[in-house]
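One file, input-v5.tsv, carrying TSV, C-alpha atoms and all ligand atoms:
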```
chain	number	residue	atom	x	y	z
A	1	MET	CA	-17.17	5.71	-14.28
A	2	THR	CA	-18.81	2.33	-14.95
A	3	VAL	CA	-22.11	2.00	-13.15
A	4	HIS	CA	-22.72	-1.31	-11.40
A	5	ILE	CA	-26.39	-2.29	-11.64
A	6	PRO	CA	-27.36	-4.29	-8.54
A	7	VAL	CA	-28.42	-7.77	-9.61
A	8	MET	CA	-31.93	-9.07	-8.80
A	9	LEU	CA	-32.55	-6.17	-6.49
A	10	ASP	CA	-36.34	-6.57	-6.36
A	11	LYS	CA	-36.02	-10.22	-5.35
A	12	ILE	CA	-33.53	-9.38	-2.62
A	13	LEU	CA	-35.87	-6.73	-1.24
A	14	GLU	CA	-38.82	-9.15	-1.36
A	15	LEU	CA	-36.83	-11.71	0.63
A	16	LEU	CA	-36.19	-9.11	3.32
A	17	ARG	CA	-39.91	-8.51	3.99
A	18	PRO	CA	-41.38	-7.40	6.35
A	19	TRP	CA	-39.23	-4.31	5.82
A	20	GLU	CA	-40.29	-2.58	9.02
A	21	GLU	CA	-38.79	-5.44	11.03
A	22	VAL	CA	-35.35	-5.31	9.42
A	23	GLY	CA	-32.70	-4.24	11.93
A	24	LEU	CA	-28.99	-4.68	11.27
A	25	VAL	CA	-28.00	-5.90	7.80
A	26	VAL	CA	-24.49	-7.12	7.04
A	27	ASP	CA	-23.60	-6.66	3.38
A	28	GLY	CA	-20.49	-8.83	3.11
A	29	THR	CA	-19.78	-7.80	-0.49
A	30	LEU	CA	-20.53	-4.10	-0.36
A	31	GLY	CA	-19.13	-3.25	-3.80
A	32	ALA	CA	-20.37	0.14	-4.94
A	33	GLY	CA	-23.18	-0.07	-2.41
A	34	GLY	CA	-26.05	-0.65	-4.86
A	35	HIS	CA	-27.90	-3.30	-2.86
A	36	SER	CA	-27.11	-1.59	0.43
A	37	ARG	CA	-28.47	1.75	-0.68
A	38	ALA	CA	-31.76	0.19	-1.80
A	39	ILE	CA	-32.06	-1.78	1.45
A	40	LEU	CA	-31.50	1.34	3.56
A	41	GLU	CA	-34.01	3.31	1.50
A	42	ARG	CA	-36.67	0.60	1.72
A	43	CYS	CA	-36.15	-0.53	5.31
A	44	GLN	CA	-36.39	2.72	7.24
A	45	GLY	CA	-35.37	1.21	10.58
A	46	ALA	CA	-32.38	-0.69	9.21
A	47	SER	CA	-28.71	-0.05	9.82
A	48	LEU	CA	-25.91	-1.64	7.86
A	49	ILE	CA	-22.38	-2.95	8.15
A	50	GLY	CA	-20.75	-3.11	4.72
A	51	ILE	CA	-17.63	-5.20	4.20
A	52	ASP	CA	-15.40	-5.26	1.13
A	53	GLN	CA	-11.81	-6.32	0.63
A	54	ASP	CA	-11.21	-3.76	-2.10
A	55	GLN	CA	-10.19	-0.36	-0.74
A	56	SER	CA	-10.93	1.56	-3.93
A	57	ILE	CA	-14.49	0.29	-4.24
A	58	LEU	CA	-15.07	0.82	-0.53
A	59	ASP	CA	-14.25	4.50	-1.09
A	60	ILE	CA	-16.97	4.65	-3.75
A	61	ALA	CA	-19.47	2.92	-1.46
A	62	ARG	CA	-18.73	5.37	1.36
A	63	GLU	CA	-19.61	8.22	-0.96
A	64	VAL	CA	-22.77	6.49	-2.22
A	65	LEU	CA	-23.96	5.69	1.30
A	66	SER	CA	-22.98	9.00	2.91
A	67	PRO	CA	-26.59	10.30	2.93
A	68	PHE	CA	-27.45	7.56	5.45
A	69	GLY	CA	-25.01	8.95	8.02
A	70	ASP	CA	-24.47	6.81	11.09
A	71	ARG	CA	-26.87	4.11	9.90
A	72	VAL	CA	-23.88	2.78	7.93
A	73	ARG	CA	-20.51	1.44	8.95
A	74	THR	CA	-17.97	0.25	6.37
A	75	VAL	CA	-15.16	-2.20	7.02
A	76	LEU	CA	-12.17	-3.04	4.83
A	77	GLY	CA	-11.84	-6.79	5.14
A	78	ASN	CA	-12.57	-10.24	3.81
A	79	PHE	CA	-15.93	-11.85	4.57
A	80	ARG	CA	-14.02	-14.98	5.60
A	81	ASP	CA	-13.26	-12.96	8.78
A	82	VAL	CA	-16.88	-11.98	9.39
A	83	GLY	CA	-16.92	-13.57	12.86
A	84	ARG	CA	-13.95	-11.51	14.01
A	85	ILE	CA	-15.23	-8.35	12.29
A	86	LEU	CA	-18.58	-8.58	14.07
A	87	ALA	CA	-16.92	-9.50	17.38
A	88	ASP	CA	-14.81	-6.32	17.08
A	89	LEU	CA	-18.05	-4.38	16.65
A	90	GLY	CA	-19.55	-5.89	19.81
A	91	SER	CA	-21.23	-8.98	18.27
A	92	PRO	CA	-24.47	-7.21	17.34
A	93	ARG	CA	-27.63	-9.17	16.54
A	94	VAL	CA	-27.97	-9.40	12.75
A	95	SER	CA	-31.32	-9.39	10.90
A	96	ALA	CA	-29.88	-10.36	7.53
A	97	PHE	CA	-26.63	-11.15	5.76
A	98	VAL	CA	-26.32	-10.41	2.04
A	99	PHE	CA	-23.51	-11.78	-0.15
A	100	ASP	CA	-23.38	-10.83	-3.83
A	101	LEU	CA	-20.36	-12.89	-4.84
A	102	GLY	CA	-17.67	-12.17	-7.41
A	103	ILE	CA	-16.55	-8.79	-8.66
A	104	SER	CA	-18.37	-5.63	-9.62
A	105	SER	CA	-18.64	-4.06	-13.07
A	106	TRP	CA	-16.49	-1.24	-11.80
A	107	GLN	CA	-13.63	-3.64	-11.03
A	108	VAL	CA	-14.04	-5.45	-14.36
A	109	ASP	CA	-14.01	-2.19	-16.28
A	110	THR	CA	-10.90	-0.79	-14.60
A	111	PRO	CA	-8.13	-2.05	-16.92
A	112	GLU	CA	-5.33	-1.57	-14.36
A	113	ARG	CA	-6.95	-4.20	-12.13
A	114	GLY	CA	-6.39	-6.86	-14.77
A	115	PHE	CA	-9.72	-8.69	-14.39
A	116	SER	CA	-10.90	-8.40	-17.97
A	117	PHE	CA	-10.11	-10.14	-21.23
A	118	ASN	CA	-11.56	-7.09	-22.99
A	119	TYR	CA	-8.92	-4.58	-21.90
A	120	LYS	CA	-5.20	-4.10	-22.01
A	121	GLY	CA	-3.74	-4.21	-18.53
A	122	PRO	CA	-1.43	-5.99	-16.11
A	123	LEU	CA	-2.38	-9.59	-15.34
A	124	ASP	CA	-3.24	-8.86	-11.71
A	125	MET	CA	-6.80	-9.77	-10.55
A	126	ARG	CA	-6.21	-9.21	-6.82
A	127	MET	CA	-9.41	-7.95	-5.22
A	128	ASP	CA	-7.48	-6.81	-2.14
A	129	MET	CA	-5.07	-4.83	-4.37
A	130	GLY	CA	-2.10	-6.64	-2.80
A	131	ARG	CA	-2.94	-5.51	0.74
A	132	LEU	CA	-2.23	-8.98	2.06
A	133	GLY	CA	0.69	-9.55	-0.31
A	134	SER	CA	-1.24	-12.09	-2.35
A	135	ARG	CA	-0.15	-13.59	-5.67
A	136	THR	CA	-1.17	-12.01	-8.94
A	137	ALA	CA	-2.61	-13.91	-11.89
A	138	ALA	CA	0.74	-13.37	-13.65
A	139	ASP	CA	2.54	-15.14	-10.78
A	140	ILE	CA	0.37	-18.20	-11.37
A	141	VAL	CA	0.49	-18.11	-15.17
A	142	ASN	CA	4.28	-17.79	-15.16
A	143	GLY	CA	5.12	-19.89	-12.13
A	144	TRP	CA	2.94	-22.99	-12.28
A	145	SER	CA	3.73	-26.17	-14.19
A	146	MET	CA	1.69	-27.24	-17.20
A	147	ALA	CA	-0.07	-29.96	-15.18
A	148	GLU	CA	-0.95	-27.51	-12.40
A	149	LEU	CA	-2.31	-24.94	-14.84
A	150	ALA	CA	-4.37	-27.53	-16.72
A	151	ALA	CA	-5.85	-28.81	-13.44
A	152	LEU	CA	-6.70	-25.25	-12.37
A	153	PHE	CA	-8.39	-24.39	-15.67
A	154	ARG	CA	-10.41	-27.62	-15.47
A	155	ARG	CA	-11.35	-27.28	-11.81
A	156	TYR	CA	-12.30	-23.60	-11.60
A	157	GLY	CA	-12.95	-22.81	-15.26
A	158	GLU	CA	-14.50	-26.13	-16.33
A	159	ASP	CA	-12.74	-25.32	-19.61
A	160	PRO	CA	-12.76	-28.10	-22.23
A	161	PHE	CA	-9.48	-26.69	-23.64
A	162	ALA	CA	-7.73	-26.58	-20.26
A	163	TYR	CA	-4.84	-28.79	-21.35
A	164	GLN	CA	-4.32	-27.07	-24.71
A	165	VAL	CA	-4.26	-23.62	-23.08
A	166	ALA	CA	-1.85	-24.76	-20.34
A	167	ARG	CA	0.46	-26.22	-22.99
A	168	ALA	CA	0.34	-23.03	-25.08
A	169	ILE	CA	1.16	-20.93	-22.00
A	170	CYS	CA	4.20	-23.06	-21.17
A	171	ARG	CA	5.43	-22.98	-24.77
A	172	HIS	CA	5.03	-19.21	-24.86
A	173	ARG	CA	6.99	-18.88	-21.61
A	174	GLU	CA	9.84	-20.97	-23.01
A	175	LYS	CA	10.07	-19.18	-26.32
A	176	GLU	CA	9.10	-15.60	-25.55
A	177	GLY	CA	9.29	-15.17	-21.79
A	178	PRO	CA	6.67	-14.46	-19.14
A	179	ILE	CA	3.09	-13.43	-19.88
A	180	GLU	CA	2.54	-10.18	-18.02
A	181	THR	CA	-0.60	-8.66	-19.52
A	182	CYS	CA	-4.25	-9.56	-20.08
A	183	GLU	CA	-3.95	-9.00	-23.81
A	184	ALA	CA	-0.90	-11.31	-24.05
A	185	LEU	CA	-2.77	-14.06	-22.22
A	186	VAL	CA	-5.83	-13.62	-24.44
A	187	SER	CA	-3.66	-13.99	-27.51
A	188	VAL	CA	-2.07	-17.21	-26.15
A	189	ILE	CA	-5.52	-18.62	-25.30
A	190	ARG	CA	-6.80	-17.82	-28.77
A	191	SER	CA	-3.77	-19.51	-30.33
A	192	ALA	CA	-4.53	-22.69	-28.35
A	193	ILE	CA	-8.20	-23.14	-29.30
A	194	PRO	CA	-9.12	-24.18	-32.85
A	195	ALA	CA	-10.93	-21.40	-34.74
A	196	PRO	CA	-14.13	-23.43	-35.42
A	197	ALA	CA	-14.43	-24.20	-31.70
A	198	GLN	CA	-13.96	-20.51	-30.88
A	199	ARG	CA	-16.73	-19.58	-33.29
A	200	LYS	CA	-19.12	-22.06	-31.66
A	201	MET	CA	-18.39	-20.84	-28.13
A	202	ARG	CA	-20.94	-18.90	-26.16
A	203	GLY	CA	-18.98	-15.99	-24.75
A	204	HIS	CA	-15.34	-15.00	-25.06
A	205	PRO	CA	-12.81	-17.85	-25.55
A	206	ALA	CA	-10.78	-16.53	-22.60
A	207	ARG	CA	-13.75	-16.28	-20.21
A	208	ARG	CA	-13.29	-19.60	-18.42
A	209	ILE	CA	-9.51	-19.24	-18.07
A	210	PHE	CA	-9.88	-15.74	-16.61
A	211	GLN	CA	-12.55	-17.02	-14.22
A	212	ALA	CA	-10.29	-19.85	-13.03
A	213	LEU	CA	-7.38	-17.49	-12.43
A	214	ARG	CA	-9.55	-14.98	-10.56
A	215	ILE	CA	-10.98	-17.67	-8.29
A	216	GLU	CA	-7.49	-18.96	-7.50
A	217	VAL	CA	-5.84	-15.55	-7.01
A	218	ASN	CA	-8.52	-14.52	-4.51
A	219	ASP	CA	-9.09	-17.96	-2.98
A	220	GLU	CA	-12.77	-17.28	-3.60
A	221	LEU	CA	-14.05	-20.75	-2.78
A	222	GLY	CA	-11.85	-21.05	0.32
A	223	ALA	CA	-13.21	-17.72	1.60
A	224	LEU	CA	-16.78	-18.83	0.85
A	225	GLU	CA	-16.31	-22.12	2.73
A	226	GLU	CA	-14.91	-20.32	5.77
A	227	LEU	CA	-17.82	-17.90	5.69
A	228	LEU	CA	-20.36	-20.72	5.45
A	229	ASP	CA	-18.70	-22.44	8.43
A	230	GLN	CA	-19.31	-19.37	10.58
A	231	LEU	CA	-22.82	-18.32	9.60
A	232	PRO	CA	-24.80	-20.77	11.79
A	233	SER	CA	-23.14	-19.40	14.93
A	234	MET	CA	-24.09	-15.84	13.95
A	235	GLY	CA	-27.58	-16.56	12.65
A	236	SER	CA	-29.89	-15.85	15.56
A	237	GLU	CA	-33.65	-16.58	15.42
A	238	GLY	CA	-35.15	-15.16	12.21
A	239	CYS	CA	-31.81	-14.09	10.71
A	240	LYS	CA	-31.83	-14.37	6.92
A	241	VAL	CA	-28.80	-15.27	4.83
A	242	ILE	CA	-29.05	-14.29	1.18
A	243	PHE	CA	-26.54	-15.31	-1.49
A	244	ILE	CA	-26.28	-14.24	-5.12
A	245	THR	CA	-23.95	-16.65	-6.95
A	246	TYR	CA	-22.69	-16.47	-10.52
A	247	HIS	CA	-21.27	-19.90	-11.31
A	248	SER	CA	-21.98	-23.49	-10.44
A	249	LEU	CA	-18.96	-23.91	-8.14
A	250	GLU	CA	-20.22	-21.18	-5.82
A	251	ASP	CA	-23.84	-22.20	-6.10
A	252	ARG	CA	-23.07	-25.84	-5.29
A	253	LEU	CA	-21.32	-24.85	-2.07
A	254	VAL	CA	-24.13	-22.55	-0.95
A	255	LYS	CA	-26.87	-25.01	-1.88
A	256	GLY	CA	-25.10	-27.91	-0.13
A	257	ARG	CA	-24.56	-25.94	3.04
A	258	MET	CA	-28.17	-24.70	3.18
A	259	ARG	CA	-29.30	-28.32	2.84
A	260	GLU	CA	-27.05	-29.34	5.71
A	261	TRP	CA	-28.37	-26.52	7.90
A	262	ALA	CA	-31.94	-27.56	7.14
A	263	GLY	CA	-31.04	-31.20	7.89
A	264	GLN	CA	-29.65	-30.11	11.25
A	265	ASP	CA	-32.89	-28.21	11.92
A	266	LEU	CA	-31.08	-24.89	12.12
A	267	GLY	CA	-33.80	-23.24	10.07
A	268	VAL	CA	-35.43	-23.41	6.64
A	269	PRO	CA	-34.63	-22.32	3.11
A	270	LEU	CA	-36.89	-19.50	1.93
A	271	THR	CA	-36.05	-20.42	-1.65
A	272	ARG	CA	-36.77	-24.06	-2.37
A	273	LYS	CA	-35.38	-23.52	-5.86
A	274	PRO	CA	-32.91	-20.74	-6.62
A	275	LEU	CA	-34.44	-17.50	-7.85
A	276	VAL	CA	-33.21	-16.42	-11.28
A	277	PRO	CA	-33.42	-13.10	-13.12
A	278	SER	CA	-36.20	-12.28	-15.53
A	279	GLU	CA	-35.45	-12.11	-19.26
A	280	GLU	CA	-35.94	-8.34	-19.10
A	281	GLU	CA	-33.31	-8.01	-16.39
A	282	VAL	CA	-30.82	-10.11	-18.35
A	283	GLU	CA	-31.44	-7.96	-21.39
A	284	LEU	CA	-30.75	-4.81	-19.40
A	285	ASN	CA	-27.84	-6.23	-17.43
A	286	ARG	CA	-25.78	-9.03	-18.99
A	287	ARG	CA	-23.99	-9.57	-15.68
A	288	ALA	CA	-27.23	-10.95	-14.25
A	289	ARG	CA	-27.50	-13.79	-16.77
A	290	SER	CA	-25.95	-16.50	-14.60
A	291	ALA	CA	-27.16	-15.18	-11.24
A	292	LYS	CA	-28.91	-17.44	-8.73
A	293	VAL	CA	-30.34	-16.27	-5.44
A	294	ARG	CA	-30.73	-18.53	-2.43
A	295	CYS	CA	-31.98	-17.57	1.00
A	296	PHE	CA	-32.01	-19.41	4.31
A	297	VAL	CA	-33.65	-18.27	7.52
A	298	PHE	CA	-32.17	-19.45	10.79
A	299	GLY	CA	-34.30	-20.61	13.68
A	300	GLU	CA	-37.54	-20.92	11.70
A	301	PRO	CA	-39.73	-23.94	12.43
A	302	ARG	CA	-39.82	-26.55	9.63
A	303	ARG	CA	-43.54	-26.11	8.93
A	304	ARG	CA	-42.81	-22.69	7.40
A	305	ARG	CA	-40.77	-24.38	4.67
A	306	CYS	CA	-42.00	-22.61	1.55
A	307	SER	CA	-40.88	-20.34	-1.21
A	308	HIS	CA	-41.84	-16.74	-0.37
A	309	VAL	CA	-40.95	-15.43	-3.79
A	310	PRO	CA	-41.87	-16.97	-7.14
A	311	SER	CA	-38.73	-18.54	-8.64
A	312	LYS	CA	-39.21	-16.77	-11.97
A	313	THR	CA	-40.93	-13.56	-13.00
A	401	LIG	C1	-20.69	-8.28	-7.22
A	401	LIG	S1	-19.83	-7.08	-6.31
A	401	LIG	C2	-21.04	-6.46	-5.20
A	401	LIG	C3	-21.88	-5.37	-5.78
A	401	LIG	C4	-22.84	-4.76	-4.80
A	401	LIG	N1	-23.81	-5.72	-4.34
A	401	LIG	C5	-23.55	-3.57	-5.42
A	401	LIG	O1	-24.76	-3.63	-5.65
A	401	LIG	O2	-22.88	-2.56	-5.68
A	401	LIG	C6	-18.87	-8.06	-5.24
A	401	LIG	C7	-17.99	-7.26	-4.30
A	401	LIG	O3	-17.57	-8.15	-3.28
A	401	LIG	C8	-16.21	-7.96	-3.01
A	401	LIG	N2	-15.73	-9.25	-2.53
A	401	LIG	C9	-15.65	-10.41	-3.20
A	401	LIG	N3	-15.19	-11.39	-2.41
A	401	LIG	C10	-15.01	-10.84	-1.19
A	401	LIG	C11	-14.56	-11.35	0.06
A	401	LIG	N4	-14.18	-12.62	0.21
A	401	LIG	N5	-14.52	-10.51	1.11
A	401	LIG	C12	-14.88	-9.20	0.97
A	401	LIG	N6	-15.28	-8.66	-0.19
A	401	LIG	C13	-15.35	-9.47	-1.26
A	401	LIG	C14	-15.60	-7.50	-4.32
A	401	LIG	O4	-14.45	-6.72	-4.08
A	401	LIG	C15	-16.75	-6.69	-4.93
A	401	LIG	O5	-16.63	-5.33	-4.61
```
Now, as a test, write the supplied structure out as structure tokens.
Ligand SMILES: C[S@@+](CC[C@H](N)C(=O)[O-])C[C@H]1O[C@@H](n2cnc3c(N)ncnc32)[C@H](O)[C@@H]1O
Amino acid sequence: MTVHIPVMLDKILELLRPWEEVGLVVDGTLGAGGHSRAILERCQGASLIGIDQDQSILDIAREVLSPFGDRVRTVLGNFRDVGRILADLGSPRVSAFVFDLGISSWQVDTPERGFSFNYKGPLDMRMDMGRLGSRTAADIVNGWSMAELAALFRRYGEDPFAYQVARAICRHREKEGPIETCEALVSVIRSAIPAPAQRKMRGHPARRIFQALRIEVNDELGALEELLDQLPSMGSEGCKVIFITYHSLEDRLVKGRMREWAGQDLGVPLTRKPLVPSEEEVELNRRARSAKVRCFVFGEPRRRRCSHVPSKT
């Protein structure tokens, strides 16, 4: 089984200091439980509610966190419903929220889930595994018009070849029928981008298109906005909100909202600039390369505005 290495774990733990004062932590993106396990080990008095929308990864997390017994509660759900989830659990006071956005290595490396341009598999990409009857990536690729696809690839993939790829997809559909697999989509993308441009690219030529589809399939930015709307009403005095983001669209939303909260005097950012991984971490874990960590603490007086953790190690 692929092991997911928790990203920027040391920085997350530093942000949670003083550890002895940490009470209830909500991990809204539990994944395989890597961050949660470390938090529970380090903060002896902490308990944790772990939320994930993916049933199969939640099963892994339950196993990983079983040694912590009743200090842990896991919930199958979307963090966009965090208000309702916590209300159902009696609206407990929360010490810290942690959100490590995106998908885990385990999901990426499970070909049947269809997240990866490196494997053969169905073009699926649904984090909730269809629990809520959501569309698959294949539904979008085969159902949307060329203009809609190009706009999607530009908006969520920031792909300079958005139009060319959308056109190649539509031509392929007309001539050869629907695109149902990851490998078929990769081949269409490759056919649309000139070879010299592909050679100059940093990363896989299909990376941006796959990112755009994944964001759309899972309404990732919509869920994030709904979550950000709710956090101020759940962030009691001293409650920390920590985000790990992996692309500029996510980071922009988080950064903008933390600025607004500070402007409304709801608290202060603990990270004036986003924290980024060290070169050593990126070397050990490629997934960390685009990570940015931001933290906001609710109810803190303005004069404490400072960065508790150096922005680079
Ligand atoms: C990067 S992984 C988290 C890894 C985890 N921190 C660890 O160390 O094992 C992100 C996880 O969040 C879940 N996820 C993403 N968006 C979500 C959402 N809107 N609601 C609930 N879970 C979500 C994914 O299914 C995935 O398991």
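From atom O1 of ligand LIG 401 (chain A) back to atom CA of Tyr119 of chain A, the distance works out to 22.7 Å.
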Taking all atoms listed in the file into account, which residues are within 8 Å of ligand LIG 401 (chain A), as an MDAnalysis selection string? chainID A and resid 4:7 27:36 51:54 57:58 61 76:80 99:105 107 127:128 218 220 223:224
Give me, as a ChimeraX atom specification, all polymer residues having an atom no more than 12 Å from Met234 of chain A, counting all atoms listed in the file and skipping those fewer than 6 positions away in the same chain. /A:26,82-87,91-97,227-228,240-241,266,297-299
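Minimum atom-to-atom distances from A:Val3, A:Leu15, A:Ile140, A:Cys295 to Ile215 of chain A were compared using only C-alpha atoms, and the lowest value belongs to A:Ile140.
If all atoms listed in the file are the atoms counted, then among A:Gly222, A:Pro277, A:Pro111, A:Gly235 the closest residue to Asp81 of chain A is A:Gly222.
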All residues 9 Å or closer to Gln211 of chain A, all atoms listed in the file, same chain fewer than 3 positions away omitted, as a ChimeraX atom specification: /A:115,153,156-157,206-208,214-216
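For the pair atom CA of Val217 of chain A and atom CA of Val188 of chain A, the separation is 19.6 Å.
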